[in-house]
file query_20.json (JSON, C-alpha atoms)
[["chain", "number", "residue", "atom", "x", "y", "z"],
["O", 1, "MET", "CA", -49.26, -20.53, -41.39],
["O", 2, "PRO", "CA", -45.64, -19.97, -42.49],
["O", 3, "ASP", "CA", -43.03, -18.69, -40.05],
["O", 4, "PRO", "CA", -42.19, -14.99, -40.15],
["O", 5, "LYS", "CA", -39.50, -14.03, -42.63],
["O", 6, "TYR", "CA", -36.85, -13.49, -39.96],
["O", 7, "ARG", "CA", -37.46, -17.00, -38.54],
["O", 8, "GLN", "CA", -37.08, -18.55, -41.97],
["O", 9, "ILE", "CA", -33.80, -16.72, -42.44],
["O", 10, "ALA", "CA", -32.65, -17.64, -38.92],
["O", 11, "ALA", "CA", -33.46, -21.31, -39.61],
["O", 12, "ASP", "CA", -31.38, -21.23, -42.78],
["O", 13, "LEU", "CA", -28.48, -19.50, -41.05],
["O", 14, "HIS", "CA", -28.70, -22.11, -38.29],
["O", 15, "ARG", "CA", -28.57, -24.87, -40.90],
["O", 16, "ARG", "CA", -25.48, -23.36, -42.48],
["O", 17, "ILE", "CA", -23.76, -23.06, -39.11],
["O", 18, "LYS", "CA", -24.55, -26.67, -38.19],
["O", 19, "SER", "CA", -23.27, -27.88, -41.56],
["O", 20, "GLU", "CA", -20.03, -26.00, -40.76],
["O", 21, "GLU", "CA", -20.30, -23.83, -43.82],
["O", 22, "TRP", "CA", -19.31, -21.25, -41.20],
["O", 23, "PRO", "CA", -17.14, -23.03, -38.59],
["O", 24, "ALA", "CA", -16.69, -21.76, -35.04],
["O", 25, "GLY", "CA", -14.89, -18.41, -35.01],
["O", 26, "THR", "CA", -16.01, -17.52, -38.54],
["O", 27, "GLN", "CA", -17.50, -14.10, -39.09],
["O", 28, "LEU", "CA", -20.99, -14.04, -40.58],
["O", 29, "PRO", "CA", -21.36, -12.10, -43.83],
["O", 30, "PRO", "CA", -22.09, -8.39, -43.22],
["O", 31, "GLU", "CA", -25.69, -7.22, -43.08],
["O", 32, "PRO", "CA", -25.80, -5.71, -46.61],
["O", 33, "ARG", "CA", -24.67, -9.00, -48.10],
["O", 34, "LEU", "CA", -27.28, -10.97, -46.12],
["O", 35, "GLU", "CA", -29.96, -8.44, -47.10],
["O", 36, "GLU", "CA", -29.14, -9.01, -50.75],
["O", 37, "GLU", "CA", -28.87, -12.79, -50.44],
["O", 38, "TYR", "CA", -32.17, -13.22, -48.59],
["O", 39, "LYS", "CA", -34.01, -10.31, -50.25],
["O", 40, "ALA", "CA", -34.88, -8.93, -46.82],
["O", 41, "SER", "CA", -34.74, -5.63, -44.98],
["O", 42, "ARG", "CA", -32.01, -4.71, -42.52],
["O", 43, "ASN", "CA", -34.43, -5.04, -39.57],
["O", 44, "THR", "CA", -35.44, -8.53, -40.70],
["O", 45, "ILE", "CA", -31.80, -9.62, -40.92],
["O", 46, "ARG", "CA", -31.11, -8.14, -37.51],
["O", 47, "ASP", "CA", -34.09, -10.00, -36.01],
["O", 48, "ALA", "CA", -32.75, -13.25, -37.50],
["O", 49, "VAL", "CA", -29.31, -12.63, -36.01],
["O", 50, "LYS", "CA", -30.89, -11.78, -32.63],
["O", 51, "TRP", "CA", -32.66, -15.16, -32.74],
["O", 52, "LEU", "CA", -29.32, -16.90, -33.25],
["O", 53, "THR", "CA", -27.67, -14.79, -30.55],
["O", 54, "ALA", "CA", -30.36, -15.64, -27.99],
["O", 55, "ARG", "CA", -29.59, -19.33, -28.54],
["O", 56, "GLY", "CA", -25.87, -18.92, -28.12],
["O", 57, "LEU", "CA", -25.07, -19.73, -31.74],
["O", 58, "VAL", "CA", -23.41, -16.41, -32.54],
["O", 59, "SER", "CA", -22.03, -13.39, -30.70],
["O", 60, "THR", "CA", -21.80, -9.82, -31.92],
["O", 61, "GLN", "CA", -18.62, -7.91, -31.17],
["O", 62, "PRO", "CA", -19.11, -4.13, -31.42],
["O", 63, "GLY", "CA", -17.11, -2.66, -34.25],
["O", 64, "ARG", "CA", -16.05, -6.06, -35.56],
["O", 65, "GLY", "CA", -19.12, -8.03, -36.58],
["O", 66, "THR", "CA", -20.99, -11.23, -35.69],
["O", 67, "PHE", "CA", -19.06, -14.46, -35.15],
["O", 68, "VAL", "CA", -20.07, -18.13, -34.88],
["O", 69, "ASN", "CA", -19.67, -19.49, -31.35],
["O", 70, "GLU", "CA", -18.05, -22.80, -30.56],
["O", 71, "GLN", "CA", -20.78, -25.29, -29.67],
["O", 72, "ILE", "CA", -19.86, -26.74, -26.30],
["O", 73, "LYS", "CA", -20.80, -30.29, -25.37],
["O", 74, "PRO", "CA", -22.73, -29.90, -22.09],
["O", 75, "PHE", "CA", -21.80, -31.77, -18.92],
["O", 76, "ILE", "CA", -24.68, -33.35, -16.99],
["O", 77, "THR", "CA", -24.45, -32.97, -13.21],
["O", 78, "THR", "CA", -26.65, -35.08, -10.94],
["O", 79, "LEU", "CA", -27.79, -32.83, -8.10],
["O", 80, "SER", "CA", -29.61, -35.58, -6.19],
["O", 81, "ALA", "CA", -27.73, -37.93, -3.90],
["O", 82, "ASP", "CA", -26.49, -41.37, -4.85],
["O", 83, "GLN", "CA", -28.29, -43.90, -2.64],
["O", 84, "GLU", "CA", -25.09, -45.84, -1.89],
["O", 85, "THR", "CA", -22.57, -43.02, -1.37],
["O", 86, "GLY", "CA", -24.86, -40.17, -0.35],
["O", 87, "LEU", "CA", -22.97, -37.96, -2.81],
["O", 88, "GLY", "CA", -24.47, -35.69, -5.41],
["O", 89, "GLY", "CA", -23.44, -32.92, -7.76],
["O", 90, "GLY", "CA", -20.67, -30.73, -6.37],
["O", 91, "GLU", "CA", -18.90, -33.63, -4.68],
["O", 92, "GLY", "CA", -15.42, -34.41, -5.99],
["O", 93, "VAL", "CA", -15.92, -38.16, -6.26],
["O", 94, "ALA", "CA", -19.28, -37.76, -8.00],
["O", 95, "PHE", "CA", -17.89, -35.14, -10.40],
["O", 96, "THR", "CA", -15.04, -37.38, -11.51],
["O", 97, "ARG", "CA", -17.30, -40.41, -11.88],
["O", 98, "GLU", "CA", -19.97, -38.59, -13.89],
["O", 99, "ALA", "CA", -17.45, -36.96, -16.22],
["O", 100, "THR", "CA", -15.75, -40.30, -16.85],
["O", 101, "LEU", "CA", -19.09, -41.99, -17.60],
["O", 102, "GLN", "CA", -19.82, -39.23, -20.12],
["O", 103, "LEU", "CA", -16.49, -39.98, -21.83],
["O", 104, "MET", "CA", -14.98, -36.68, -20.72],
["O", 105, "ALA", "CA", -11.63, -35.98, -19.07],
["O", 106, "PRO", "CA", -12.15, -34.32, -15.64],
["O", 107, "VAL", "CA", -9.47, -32.31, -13.81],
["O", 108, "THR", "CA", -9.81, -30.68, -10.40],
["O", 109, "THR", "CA", -7.14, -28.32, -9.14],
["O", 110, "VAL", "CA", -5.37, -28.67, -5.81],
["O", 111, "PRO", "CA", -7.44, -26.74, -3.25],
["O", 112, "ARG", "CA", -6.57, -23.19, -2.28],
["O", 113, "VAL", "CA", -7.02, -23.13, 1.50],
["O", 114, "GLU", "CA", -7.83, -19.97, 3.46],
["O", 115, "ILE", "CA", -9.07, -19.05, 6.92],
["O", 116, "GLN", "CA", -12.05, -16.67, 6.85],
["O", 117, "GLN", "CA", -14.54, -15.20, 9.28],
["O", 118, "ALA", "CA", -18.15, -16.25, 8.93],
["O", 119, "ASP", "CA", -20.38, -13.50, 7.56],
["O", 120, "ASP", "CA", -24.12, -13.35, 8.28],
["O", 121, "GLU", "CA", -25.04, -15.75, 5.48],
["O", 122, "LYS", "CA", -22.39, -18.39, 6.19],
["O", 123, "ALA", "CA", -22.96, -18.15, 9.94],
["O", 124, "GLN", "CA", -26.65, -18.86, 9.50],
["O", 125, "GLU", "CA", -26.07, -21.77, 7.12],
["O", 126, "LEU", "CA", -23.43, -23.39, 9.34],
["O", 127, "GLY", "CA", -25.13, -22.63, 12.66],
["O", 128, "VAL", "CA", -22.20, -20.63, 14.09],
["O", 129, "GLU", "CA", -21.69, -17.09, 15.40],
["O", 130, "VAL", "CA", -20.84, -14.29, 12.99],
["O", 131, "GLY", "CA", -17.06, -13.90, 12.98],
["O", 132, "THR", "CA", -16.39, -17.58, 13.72],
["O", 133, "SER", "CA", -13.26, -18.83, 11.95],
["O", 134, "LEU", "CA", -13.99, -20.98, 8.92],
["O", 135, "VAL", "CA", -11.72, -23.04, 6.69],
["O", 136, "SER", "CA", -12.42, -22.47, 3.00],
["O", 137, "ARG", "CA", -11.23, -24.89, 0.34],
["O", 138, "HIS", "CA", -11.54, -23.49, -3.19],
["O", 139, "GLN", "CA", -11.12, -25.57, -6.36],
["O", 140, "GLN", "CA", -11.45, -25.07, -10.09],
["O", 141, "ARG", "CA", -12.85, -27.82, -12.30],
["O", 142, "PHE", "CA", -12.12, -28.51, -15.93],
["O", 143, "ILE", "CA", -13.51, -31.00, -18.44],
["O", 144, "ASP", "CA", -11.52, -31.68, -21.59],
["O", 145, "ASP", "CA", -9.35, -28.67, -20.65],
["O", 146, "ARG", "CA", -12.36, -26.31, -20.56],
["O", 147, "PRO", "CA", -13.39, -24.60, -17.28],
["O", 148, "TYR", "CA", -16.74, -26.03, -16.17],
["O", 149, "SER", "CA", -17.29, -25.12, -12.53],
["O", 150, "LEU", "CA", -15.94, -23.46, -9.40],
["O", 151, "GLN", "CA", -16.40, -24.87, -5.92],
["O", 152, "THR", "CA", -15.66, -23.53, -2.45],
["O", 153, "SER", "CA", -16.39, -25.52, 0.70],
["O", 154, "PHE", "CA", -16.50, -23.96, 4.17],
["O", 155, "TYR", "CA", -15.94, -25.84, 7.45],
["O", 156, "PRO", "CA", -16.00, -24.57, 11.06],
["O", 157, "MET", "CA", -12.46, -24.33, 12.47],
["O", 158, "SER", "CA", -13.69, -26.46, 15.37],
["O", 159, "LEU", "CA", -13.44, -29.51, 13.07],
["O", 160, "VAL", "CA", -9.70, -28.86, 12.70],
["O", 161, "GLU", "CA", -9.33, -28.39, 16.45],
["O", 162, "ARG", "CA", -11.01, -31.79, 16.95],
["O", 163, "GLY", "CA", -8.45, -33.49, 14.72],
["O", 164, "GLY", "CA", -9.53, -32.87, 11.13],
["O", 165, "LEU", "CA", -6.10, -31.50, 10.25],
["O", 166, "GLN", "CA", -6.26, -32.30, 6.54],
["O", 167, "LEU", "CA", -8.92, -29.62, 6.12],
["O", 168, "ILE", "CA", -6.24, -26.92, 6.44],
["O", 169, "GLN", "CA", -3.77, -28.67, 4.14],
["O", 170, "ALA", "CA", -3.58, -27.71, 0.46],
["O", 171, "ILE", "CA", -4.04, -31.28, -0.68],
["O", 172, "SER", "CA", -6.81, -33.26, -2.33],
["O", 173, "ILE", "CA", -8.44, -35.32, 0.40],
["O", 174, "GLU", "CA", -9.04, -38.87, -0.78],
["O", 175, "PRO", "CA", -11.57, -40.41, -1.07],
["O", 176, "GLY", "CA", -13.26, -37.07, -0.27],
["O", 177, "THR", "CA", -13.96, -34.91, 2.77],
["O", 178, "VAL", "CA", -17.23, -36.72, 3.55],
["O", 179, "ALA", "CA", -15.39, -40.01, 4.01],
["O", 180, "TYR", "CA", -12.46, -38.31, 5.75],
["O", 181, "LEU", "CA", -14.64, -36.62, 8.39],
["O", 182, "ARG", "CA", -16.56, -39.84, 8.96],
["O", 183, "GLU", "CA", -13.38, -41.87, 9.48],
["O", 184, "THR", "CA", -11.47, -39.23, 11.46],
["O", 185, "LEU", "CA", -14.15, -37.54, 13.57],
["O", 186, "GLY", "CA", -17.09, -39.93, 13.32],
["O", 187, "ILE", "CA", -19.19, -37.29, 11.55],
["O", 188, "LYS", "CA", -21.64, -39.02, 9.25],
["O", 189, "GLN", "CA", -23.37, -37.01, 6.57],
["O", 190, "VAL", "CA", -27.00, -38.06, 6.66],
["O", 191, "GLY", "CA", -28.39, -35.41, 4.32],
["O", 192, "TYR", "CA", -27.97, -32.04, 2.72],
["O", 193, "ARG", "CA", -30.06, -29.09, 1.61],
["O", 194, "ASP", "CA", -29.48, -27.31, -1.69],
["O", 195, "MET", "CA", -30.37, -23.68, -2.27],
["O", 196, "ILE", "CA", -30.20, -22.89, -5.99],
["O", 197, "ARG", "CA", -30.24, -19.54, -7.75],
["O", 198, "VAL", "CA", -29.50, -18.22, -11.22],
["O", 199, "ARG", "CA", -27.61, -14.93, -11.45],
["O", 200, "PRO", "CA", -25.28, -12.93, -13.70],
["O", 201, "PRO", "CA", -21.60, -13.88, -13.36],
["O", 202, "ASN", "CA", -19.23, -11.60, -11.48],
["O", 203, "ASP", "CA", -15.96, -10.40, -13.04],
["O", 204, "THR", "CA", -13.94, -13.31, -11.66],
["O", 205, "GLU", "CA", -16.39, -15.87, -13.03],
["O", 206, "THR", "CA", -16.64, -14.10, -16.39],
["O", 207, "ASN", "CA", -12.86, -14.24, -16.79],
["O", 208, "PHE", "CA", -12.42, -17.81, -15.56],
["O", 209, "PHE", "CA", -15.21, -19.28, -17.68],
["O", 210, "MET", "CA", -14.35, -17.00, -20.64],
["O", 211, "LEU", "CA", -17.94, -15.75, -20.86],
["O", 212, "PRO", "CA", -19.24, -12.78, -22.86],
["O", 213, "ASP", "CA", -18.76, -9.66, -20.76],
["O", 214, "ASP", "CA", -22.31, -8.47, -21.44],
["O", 215, "GLY", "CA", -23.82, -10.91, -18.92],
["O", 216, "SER", "CA", -25.73, -12.78, -21.63],
["O", 217, "VAL", "CA", -24.64, -16.14, -20.16],
["O", 218, "ALA", "CA", -25.91, -16.67, -16.62],
["O", 219, "VAL", "CA", -24.41, -18.88, -13.95],
["O", 220, "LEU", "CA", -26.20, -21.29, -11.65],
["O", 221, "GLU", "CA", -25.07, -21.25, -8.02],
["O", 222, "THR", "CA", -25.82, -24.05, -5.58],
["O", 223, "ARG", "CA", -25.32, -23.63, -1.85],
["O", 224, "ARG", "CA", -25.24, -27.07, -0.26],
["O", 225, "THR", "CA", -25.43, -27.38, 3.52],
["O", 226, "ALA", "CA", -24.51, -30.85, 4.83],
["O", 227, "TYR", "CA", -25.94, -32.22, 8.09],
["O", 228, "ASP", "CA", -24.68, -34.87, 10.51],
["O", 229, "SER", "CA", -26.73, -37.48, 12.37],
["O", 230, "ASP", "CA", -27.52, -34.94, 15.11],
["O", 231, "GLY", "CA", -29.04, -32.57, 12.57],
["O", 232, "LYS", "CA", -26.15, -30.12, 12.86],
["O", 233, "PRO", "CA", -24.63, -28.45, 9.77],
["O", 234, "PHE", "CA", -20.90, -29.07, 9.37],
["O", 235, "ARG", "CA", -20.12, -28.06, 5.78],
["O", 236, "LEU", "CA", -21.26, -25.44, 3.28],
["O", 237, "THR", "CA", -20.33, -25.98, -0.37],
["O", 238, "VAL", "CA", -20.88, -23.21, -2.90],
["O", 239, "SER", "CA", -20.64, -24.34, -6.53],
["O", 240, "VAL", "CA", -20.90, -22.12, -9.60],
["O", 241, "PHE", "CA", -21.77, -23.49, -13.05],
["O", 242, "PRO", "CA", -21.98, -21.46, -16.30],
["O", 243, "ALA", "CA", -25.28, -22.12, -18.07],
["O", 244, "ASP", "CA", -23.77, -22.50, -21.53],
["O", 245, "ARG", "CA", -21.99, -25.79, -20.78],
["O", 246, "ASN", "CA", -23.89, -27.44, -17.95],
["O", 247, "ARG", "CA", -27.11, -29.42, -17.63],
["O", 248, "PHE", "CA", -28.60, -30.78, -14.41],
["O", 249, "THR", "CA", -30.68, -33.79, -13.47],
["O", 250, "ILE", "CA", -32.41, -34.77, -10.24],
["O", 251, "ASN", "CA", -33.37, -38.40, -9.68],
["O", 252, "VAL", "CA", -36.30, -39.34, -7.45],
["O", 253, "GLY", "CA", -37.05, -42.95, -6.58],
["O", 254, "GLU", "CA", -35.84, -45.87, -8.70],
["O", 255, "VAL", "CA", -34.58, -44.73, -12.09],
["O", 256, "PRO", "CA", -32.33, -46.44, -14.64],
["O", 257, "ASP", "CA", -28.61, -46.03, -13.98],
["O", 258, "GLU", "CA", -27.61, -44.45, -17.27],
["O", 259, "VAL", "CA", -26.16, -41.25, -18.67],
["O", 260, "VAL", "CA", -28.63, -39.07, -20.57],
["O", 261, "ASN", "CA", -27.56, -38.08, -24.07],
["O", 262, "PRO", "CA", -26.48, -34.45, -23.54],
["O", 263, "THR", "CA", -27.69, -33.47, -27.00],
["O", 264, "GLN", "CA", -31.29, -34.49, -26.32],
["O", 265, "GLY", "CA", -33.72, -31.63, -25.97],
["O", 266, "THR", "CA", -31.25, -28.90, -26.88],
["O", 267, "GLY", "CA", -32.95, -28.11, -30.21]]
call {"tool": "encode", "arguments": {"input": "query_20.json", "output": "structure tokens"}}
result
Amino acid sequence: MPDPKYRQIAADLHRRIKSEEWPAGTQLPPEPRLEEEYKASRNTIRDAVKWLTARGLVSTQPGRGTFVNEQIKPFITTLSADQETGLGGGEGVAFTREATLQLMAPVTTVPRVEIQQADDEKAQELGVEVGTSLVSRHQQRFIDDRPYSLQTSFYPMSLVERGGLQLIQAISIEPGTVAYLRETLGIKQVGYRDMIRVRPPNDTETNFFMLPDDGSVAVLETRRTAYDSDGKPFRLTVSVFPADRNRFTINVGEVPDEVVNPTQGTG
């Protein structure tokens, strides 16, 4: 059984976009011209364009027309922990390593450090009283000069009072806060729990990631709570990833140590 007319037209438009007959940023021909070219009704053309829009290939700008989107090479983040380092997606060292293995150029900004009071959610996740002082360390991440993720980590102020002074310094902690807290305070990360949700981006995220302001591109948020050898939480890391340029993998057991081709399965 042949595909519906709109799907046949959408497939041909997709082919023309992939062949760069219409490069990124190019405006598609207006509806009347497409109606004439494909001998189709206006509703059929609009259904074909909706099919392309739903797959992120084009975007319609009210009053201006429909334009071809730039096709972004996705970055693959491993959410599961590395057996040797205990690090997973959202960790600075792991981010840099994975981006480099995927032949991408990673950049992480110098942290913006603030002192905040724990709200109900953060207090519960870190096992502290509401209103407890927390250190927040916020960073932006770029790959090949494109914004790819936001990350904010929260630590109880008690860690600073015990000697973890670098937490309140606006510097990149090398080789990472996990190693720093282990060496400085003897806190060993033995595990972490990830809570993951998909949601619309807020205004700050829409602007930073340069997303469509209609909420058509969702973001994935991970909330990672790290635990020490006594089972006590000592760090909460909130990472935000736009769905149009990120893919995720979770490894269980013994799997080959290789980078998955990011174009596989994208259709």
call {"tool": "residues_around", "arguments": {"input": "query_20.json", "residues": "Ile171 in chain O", "least_positions_apart": "4", "cutoff": "10 Å", "atoms": "only C-alpha atoms", "output": "ChimeraX atom specification"}}
result
/O:109-113,137,166-167
call {"tool": "write_last_selection", "arguments": {"input": "query_20.json", "atoms": "C-alpha atoms", "output": "tab-separated table (two decimals), keeping the file's coordinate frame"}}
result
chain	number	residue	atom	x	y	z
O	109	THR	CA	-7.14	-28.32	-9.14
O	110	VAL	CA	-5.37	-28.67	-5.81
O	111	PRO	CA	-7.44	-26.74	-3.25
O	112	ARG	CA	-6.57	-23.19	-2.28
O	113	VAL	CA	-7.02	-23.13	1.50
O	137	ARG	CA	-11.23	-24.89	0.34
O	166	GLN	CA	-6.26	-32.30	6.54
O	167	LEU	CA	-8.92	-29.62	6.12
call {"tool": "residues_around", "arguments": {"input": "query_20.json", "residues": "Phe241 in chain O", "least_positions_apart": "5", "cutoff": "6 Å", "atoms": "all atoms listed in the file", "output": "ChimeraX atom specification"}}
result
/O:149,219-220
call {"tool": "residues_around", "arguments": {"input": "query_20.json", "residues": "Glu125 in chain O", "least_positions_apart": "4", "cutoff": "9 Å", "atoms": "only C-alpha atoms", "output": "number ranges by chain"}}
result
O: 120-121, 225, 233, 235-236
call {"tool": "atom_distance", "arguments": {"input": "query_20.json", "atom1": "CA of Ala94 in chain O", "atom2": "CA of Val178 in chain O"}}
result
11.8 Å
call {"tool": "closest_residue", "arguments": {"input": "query_20.json", "among": "O:Phe234, O:Tyr192, O:Phe75, O:Phe209", "to": "Val128 in chain O", "atoms": "all atoms listed in the file"}}
result
O:Phe234
call {"tool": "atom_distance", "arguments": {"input": "query_20.json", "atom1": "CA of Asn202 in chain O", "atom2": "CA of Glu221 in chain O"}}
result
11.8 Å
call {"tool": "residues_around", "arguments": {"input": "query_20.json", "residues": "Tyr6 in chain O", "least_positions_apart": "4", "cutoff": "10 Å", "atoms": "only C-alpha atoms", "output": "ChimeraX atom specification"}}
result
/O:10-12,38,40-41,43-51
call {"tool": "closest_residue", "arguments": {"input": "query_20.json", "among": "O:Gln8, O:Gln124, O:Thr132, O:Thr108", "to": "Asp145 in chain O", "atoms": "all atoms listed in the file"}}
result
O:Thr108
call {"tool": "closest_residue", "arguments": {"input": "query_20.json", "among": "O:Gly127, O:Gly56, O:Gly231, O:Gly191", "to": "Tyr155 in chain O", "atoms": "all atoms listed in the file"}}
result
O:Gly127
call {"tool": "atom_distance", "arguments": {"input": "query_20.json", "atom1": "CA of Glu36 in chain O", "atom2": "CA of Leu13 in chain O"}}
result
14.3 Å
call {"tool": "axis_aligned_box", "arguments": {"input": "query_20.json", "around": "range 11-21 of chain O", "padding_each_side": "5 Å", "output": "lines of an AutoDock Vina configuration file"}}
result
center_x = -26.7
center_y = -23.7
center_z = -41.0
size_x = 23.4
size_y = 18.4
size_z = 15.6
call {"tool": "closest_residue", "arguments": {"input": "query_20.json", "among": "O:Val107, O:Ala179, O:Ala218, O:Val58", "to": "Trp22 in chain O", "atoms": "all atoms listed in the file"}}
result
O:Val58
call {"tool": "residues_around", "arguments": {"input": "query_20.json", "residues": "Asp214 in chain O", "least_positions_apart": "5", "cutoff": "10 Å", "atoms": "all atoms listed in the file", "output": "number ranges by chain"}}
result
O: 200-201, 206
call {"tool": "write_last_selection", "arguments": {"input": "query_20.json", "atoms": "C-alpha atoms", "output": "mmCIF file, in the coordinates of the input"}}
result
data_model
loop_
_atom_site.group_PDB
_atom_site.id
_atom_site.type_symbol
_atom_site.label_atom_id
_atom_site.label_comp_id
_atom_site.auth_asym_id
_atom_site.auth_seq_id
_atom_site.Cartn_x
_atom_site.Cartn_y
_atom_site.Cartn_z
ATOM 1 C CA PRO O 200 -25.280 -12.930 -13.700
ATOM 2 C CA PRO O 201 -21.600 -13.880 -13.360
ATOM 3 C CA THR O 206 -16.640 -14.100 -16.390
#
